[in-house]
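Engineer: Sending over a structure as structure tokens; questions will come in a sec.
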2 protein chains.
Amino acid sequence: MLTTLNDLTESCITTETIRSGGMLTLKVDQVALPSGRTGQREYVVHPGASVVVALLPNGHVLLEKQFRYPLHQVFIELPAGKIDASEPPLLTAQRELLEETGYSAKEWVALGRQHPCIGYSDEVIHMYLAVGLMAGQHKRDEDEALELFDLSLSDCLGLIKSGQISDGKTMLALFMAERYLAEHPHLLAAG
Amino acid sequence: MLTTLNDLTESCITTETIRSGGMLTLKVDQVALPSGRTGQREYVVHPGASVVVALLPNGHVLLEKQFRYPLHQVFIELPAGKIDASEPPLLTAQRELLEETGYSAKEWVALGRQHPCIGYSDEVIHMYLAVGLMAGQHKRDEDEALELFDLSLSDCLGLIKSGQISDGKTMLALFMAERYLAEHPHLLAAG
């Protein structure tokens, strides 16, 4: 049931890079469709990202408020960031948590991965739970404007229900963390 | 706490459309940053989408297997699709369910919305639960290659845990549906 089916596969005929060198790389490929005809696929090439559910000693989740230009809106988000060249995703998670918040963590749990935009991007997001937090000095640069705050996990889930948390990667990592913590309740005490 | 903070806001100085007319519209804006400096923002302009958790009479969830070119992989997905010009998102959900699967539904519940890619896309995905399904004739075109199947909600959650369901919009809509159904169990019986 879950095997790759040959008769669904689209194969590349030609590929063209429309834009690169900035933040986004955009490609347009001509492809052979299963029907026998040809089609065009446009997509963003992305290095991948990691996102962190970091539990403070009081069990609260570390959150950020950040302005996101494509939607002209401040979002409530978990710490997250793009994978640097050849960086293992766990290191990305640890680096971004430290850079954005100043925290490091004693224990890291992989919560799985998700593909946020399979229609037009190859991005994968690796999700982590971080417990045993130790405060330190953040390394945000002057142009990285964000505000830190924290909320209990149940308050986070309440903000998802009310629509005040609508960032997909944040919603999904919180749900994955909730499920993991329900099976590993000792980690909440260790937060 | 949840208000938009002026000192996080980035404002547009100039905007340029790099590509349009195909599947993706890509814009590059020069923006004024909160720091006083200027920066560049590249993003995809997207019409938005709707995704459907459709419950069959046996309580199973309707799923699709579809090849997604950006990741060169077959994904397990919920029925979903892009919003047509000036189409209300509920109509998109109803139209896509009918076109892709042939099913219509007696009852529709809005489960909320999510933004899958706030860093580089303005896409919003509206999530719906559909119950009271009635089978009919799908309207897939010849180039729309997908396979339908169905699984219990608990089997879907198992495939998320094992990583076999990794499409973000599908994971998130299943979690939202699970939470909604836990509070409205009569809908499972009505599926």
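Letters A, B, ... mark the chains of the structure tokens in the order given; residue numbers begin at 1 per chain; ligand numbers begin at 1, in order shown.
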May I have the residues within 12 Å of Ser154 of chain B as number ranges by chain, using only C-alpha atoms and disregarding those fewer than 6 positions away in the same chain?
Structural biologist: B: 59-61, 160-161, 174-175, 177-178
Engineer: Mind dumping the selected residues with N, CA and C atoms as a PDB file, in the first residue's frame?
Structural biologist:
```pdb
ATOM      1  N   GLY B  59     -16.419   5.199   9.273  1.00  0.00           N
ATOM      2  CA  GLY B  59     -15.561   5.999  10.152  1.00  0.00           C
ATOM      3  C   GLY B  59     -14.146   6.169   9.637  1.00  0.00           C
ATOM      4  N   HIS B  60     -13.840   5.525   8.498  1.00  0.00           N
ATOM      5  CA  HIS B  60     -12.496   5.660   7.936  1.00  0.00           C
ATOM      6  C   HIS B  60     -12.317   7.027   7.262  1.00  0.00           C
ATOM      7  N   VAL B  61     -11.030   7.409   7.147  1.00  0.00           N
ATOM      8  CA  VAL B  61     -10.667   8.686   6.519  1.00  0.00           C
ATOM      9  C   VAL B  61     -10.261   8.424   5.073  1.00  0.00           C
ATOM     10  N   ILE B 160       1.475   8.713  10.952  1.00  0.00           N
ATOM     11  CA  ILE B 160       2.188   9.957  11.295  1.00  0.00           C
ATOM     12  C   ILE B 160       3.347   9.623  12.231  1.00  0.00           C
ATOM     13  N   LYS B 161       3.042   8.817  13.253  1.00  0.00           N
ATOM     14  CA  LYS B 161       4.077   8.477  14.235  1.00  0.00           C
ATOM     15  C   LYS B 161       5.245   7.728  13.578  1.00  0.00           C
ATOM     16  N   LEU B 174      -5.376  16.155  10.247  1.00  0.00           N
ATOM     17  CA  LEU B 174      -5.751  14.942  10.992  1.00  0.00           C
ATOM     18  C   LEU B 174      -5.733  15.214  12.498  1.00  0.00           C
ATOM     19  N   PHE B 175      -4.698  15.923  12.982  1.00  0.00           N
ATOM     20  CA  PHE B 175      -4.653  16.257  14.412  1.00  0.00           C
ATOM     21  C   PHE B 175      -5.824  17.168  14.806  1.00  0.00           C
ATOM     22  N   ALA B 177      -8.725  17.335  13.339  1.00  0.00           N
ATOM     23  CA  ALA B 177      -9.943  16.527  13.284  1.00  0.00           C
ATOM     24  C   ALA B 177     -10.042  15.624  14.504  1.00  0.00           C
ATOM     25  N   GLU B 178      -8.919  15.029  14.888  1.00  0.00           N
ATOM     26  CA  GLU B 178      -8.920  14.146  16.059  1.00  0.00           C
ATOM     27  C   GLU B 178      -9.403  14.902  17.298  1.00  0.00           C
TER      28      GLU B 178
END
```
Engineer: Check the DSSP output for the backbone and give back, as a VMD selection string, the residues of segment 5-106 of chain B in helix (DSSP H, G or I).
Structural biologist: chain B and resid 6 to 8 69 to 71 89 to 101
Engineer: Restricted to C-alpha atoms, what would the selected residues look like written as an mmCIF file, in the first residue's frame?
Structural biologist:
```cif
data_model
loop_
_atom_site.group_PDB
_atom_site.id
_atom_site.type_symbol
_atom_site.label_atom_id
_atom_site.label_comp_id
_atom_site.auth_asym_id
_atom_site.auth_seq_id
_atom_site.Cartn_x
_atom_site.Cartn_y
_atom_site.Cartn_z
ATOM 1 C CA ASN B 6 5.019 48.211 15.601
ATOM 2 C CA ASP B 7 8.670 47.681 16.340
ATOM 3 C CA LEU B 8 8.656 44.263 14.629
ATOM 4 C CA TYR B 69 7.491 16.371 -8.121
ATOM 5 C CA PRO B 70 9.471 18.796 -5.878
ATOM 6 C CA LEU B 71 10.326 15.853 -3.578
ATOM 7 C CA PRO B 89 -12.735 28.256 1.008
ATOM 8 C CA LEU B 90 -15.632 25.940 1.943
ATOM 9 C CA LEU B 91 -16.665 25.753 -1.727
ATOM 10 C CA THR B 92 -13.058 24.911 -2.616
ATOM 11 C CA ALA B 93 -13.132 22.056 -0.112
ATOM 12 C CA GLN B 94 -16.447 20.752 -1.496
ATOM 13 C CA ARG B 95 -15.326 21.120 -5.121
ATOM 14 C CA GLU B 96 -11.947 19.419 -4.566
ATOM 15 C CA LEU B 97 -13.495 16.511 -2.630
ATOM 16 C CA LEU B 98 -15.985 15.962 -5.452
ATOM 17 C CA GLU B 99 -13.454 16.397 -8.282
ATOM 18 C CA GLU B 100 -10.752 14.207 -6.749
ATOM 19 C CA THR B 101 -12.840 11.491 -5.086
#
```
Engineer: Measuring atom to atom with only C-alpha atoms, identify which of A:Arg19, A:His115, A:Lys65, A:His138 is nearest to chain B.
Structural biologist: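 Smallest separation from chain B among the options: A:His115.
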Engineer: Can you tell me, as a PDB file with N, CA and C atoms, in the first residue's frame, what residues are no more than 8 Å from Glu42 of chain B when counting only C-alpha atoms, ignoring any on the same chain fewer than 2 positions away?
Structural biologist:
```pdb
ATOM      1  N   GLY A  22      19.669  34.609  -4.170  1.00  0.00           N
ATOM      2  CA  GLY A  22      19.015  35.376  -3.114  1.00  0.00           C
ATOM      3  C   GLY A  22      18.565  34.427  -2.019  1.00  0.00           C
ATOM      4  N   MET A  23      17.416  34.702  -1.408  1.00  0.00           N
ATOM      5  CA  MET A  23      16.913  33.816  -0.365  1.00  0.00           C
ATOM      6  C   MET A  23      16.312  32.550  -0.974  1.00  0.00           C
ATOM      7  N   LEU A  24      15.637  32.709  -2.116  1.00  0.00           N
ATOM      8  CA  LEU A  24      14.926  31.577  -2.711  1.00  0.00           C
ATOM      9  C   LEU A  24      15.567  31.133  -4.019  1.00  0.00           C
TER      10      LEU A  24
ATOM     11  N   LEU B  26       6.261  34.811  -8.056  1.00  0.00           N
ATOM     12  CA  LEU B  26       7.359  35.105  -7.132  1.00  0.00           C
ATOM     13  C   LEU B  26       7.605  36.603  -7.104  1.00  0.00           C
ATOM     14  N   LYS B  27       7.634  37.162  -5.895  1.00  0.00           N
ATOM     15  CA  LYS B  27       7.887  38.599  -5.747  1.00  0.00           C
ATOM     16  C   LYS B  27       9.154  38.826  -4.942  1.00  0.00           C
ATOM     17  N   VAL B  28       9.817  39.936  -5.219  1.00  0.00           N
ATOM     18  CA  VAL B  28      10.978  40.380  -4.446  1.00  0.00           C
ATOM     19  C   VAL B  28      10.736  41.829  -4.043  1.00  0.00           C
ATOM     20  N   ASP B  29      10.669  42.072  -2.733  1.00  0.00           N
ATOM     21  CA  ASP B  29      10.429  43.424  -2.226  1.00  0.00           C
ATOM     22  C   ASP B  29      11.665  43.933  -1.483  1.00  0.00           C
ATOM     23  N   GLN B  40      15.812  42.668   1.933  1.00  0.00           N
ATOM     24  CA  GLN B  40      15.116  42.135   0.769  1.00  0.00           C
ATOM     25  C   GLN B  40      14.282  40.942   1.201  1.00  0.00           C
ATOM     26  N   VAL B  44       6.558  33.718  -2.369  1.00  0.00           N
ATOM     27  CA  VAL B  44       5.583  33.188  -3.311  1.00  0.00           C
ATOM     28  C   VAL B  44       4.208  33.778  -2.973  1.00  0.00           C
ATOM     29  N   TYR B 120       8.337  32.246   3.379  1.00  0.00           N
ATOM     30  CA  TYR B 120       8.507  32.565   1.961  1.00  0.00           C
ATOM     31  C   TYR B 120       7.259  32.351   1.112  1.00  0.00           C
TER      32      TYR B 120
END
```
Engineer: May I have a table of the residues of chain A lying at most 7 Å from chain B, giving each one's closest pair of atoms and their distance in Å to one decimal, counting only C-alpha atoms, ordered by chain and ascending residue number, as a Markdown table?
Structural biologist:
```
| residue | atom | partner | partner_atom | distance |
| --- | --- | --- | --- | --- |
| A:Thr4 | CA | B:Val74 | CA | 5.8 |
| A:Leu8 | CA | B:Phe67 | CA | 5.6 |
| A:Thr9 | CA | B:Phe67 | CA | 5.8 |
| A:Glu10 | CA | B:Tyr69 | CA | 6.6 |
| A:Met23 | CA | B:Glu42 | CA | 6.5 |
| A:Leu24 | CA | B:Glu42 | CA | 6.6 |
| A:Leu33 | CA | B:Asp143 | CA | 6.9 |
| A:Ser35 | CA | B:Asp143 | CA | 5.7 |
| A:Glu42 | CA | B:Met23 | CA | 6.5 |
| A:Tyr43 | CA | B:Pro70 | CA | 6.1 |
| A:Gln66 | CA | B:Leu8 | CA | 6.7 |
| A:Phe67 | CA | B:Leu8 | CA | 5.6 |
| A:Arg68 | CA | B:Ile118 | CA | 6.3 |
| A:Tyr69 | CA | B:Glu10 | CA | 6.6 |
| A:Pro70 | CA | B:Asp122 | CA | 5.1 |
| A:Leu71 | CA | B:Asp122 | CA | 5.2 |
| A:Val74 | CA | B:Thr4 | CA | 5.7 |
| A:Gly112 | CA | B:Gly163 | CA | 6.7 |
| A:Arg113 | CA | B:Ser166 | CA | 6.6 |
| A:Gln114 | CA | B:Ser166 | CA | 4.7 |
| A:His115 | CA | B:Asp167 | CA | 5.0 |
| A:Pro116 | CA | B:Gly168 | CA | 4.6 |
| A:Cys117 | CA | B:Pro116 | CA | 6.7 |
| A:Ile118 | CA | B:Arg68 | CA | 6.3 |
| A:Gly119 | CA | B:Arg68 | CA | 6.4 |
| A:Tyr120 | CA | B:Pro70 | CA | 6.3 |
| A:Ser121 | CA | B:Pro70 | CA | 5.7 |
| A:Asp122 | CA | B:Pro70 | CA | 5.1 |
| A:Glu142 | CA | B:Ser35 | CA | 6.5 |
| A:Asp143 | CA | B:Ser35 | CA | 5.7 |
| A:Ala145 | CA | B:Leu8 | CA | 5.9 |
| A:Leu146 | CA | B:Leu8 | CA | 6.8 |
| A:Gly163 | CA | B:Gly112 | CA | 6.7 |
| A:Ser166 | CA | B:Gln114 | CA | 4.7 |
| A:Asp167 | CA | B:His115 | CA | 5.0 |
| A:Gly168 | CA | B:Pro116 | CA | 4.6 |
| A:Lys169 | CA | B:Pro116 | CA | 6.7 |
| A:Leu172 | CA | B:Leu172 | CA | 5.9 |
```
Engineer: Neighbouring residues of Asn58 of chain B were defined as those with any atom within 12 Å, considering only C-alpha atoms; residues of the same chain fewer than 6 positions away were excluded. Please report them as a count of residues only.
Structural biologist: 12
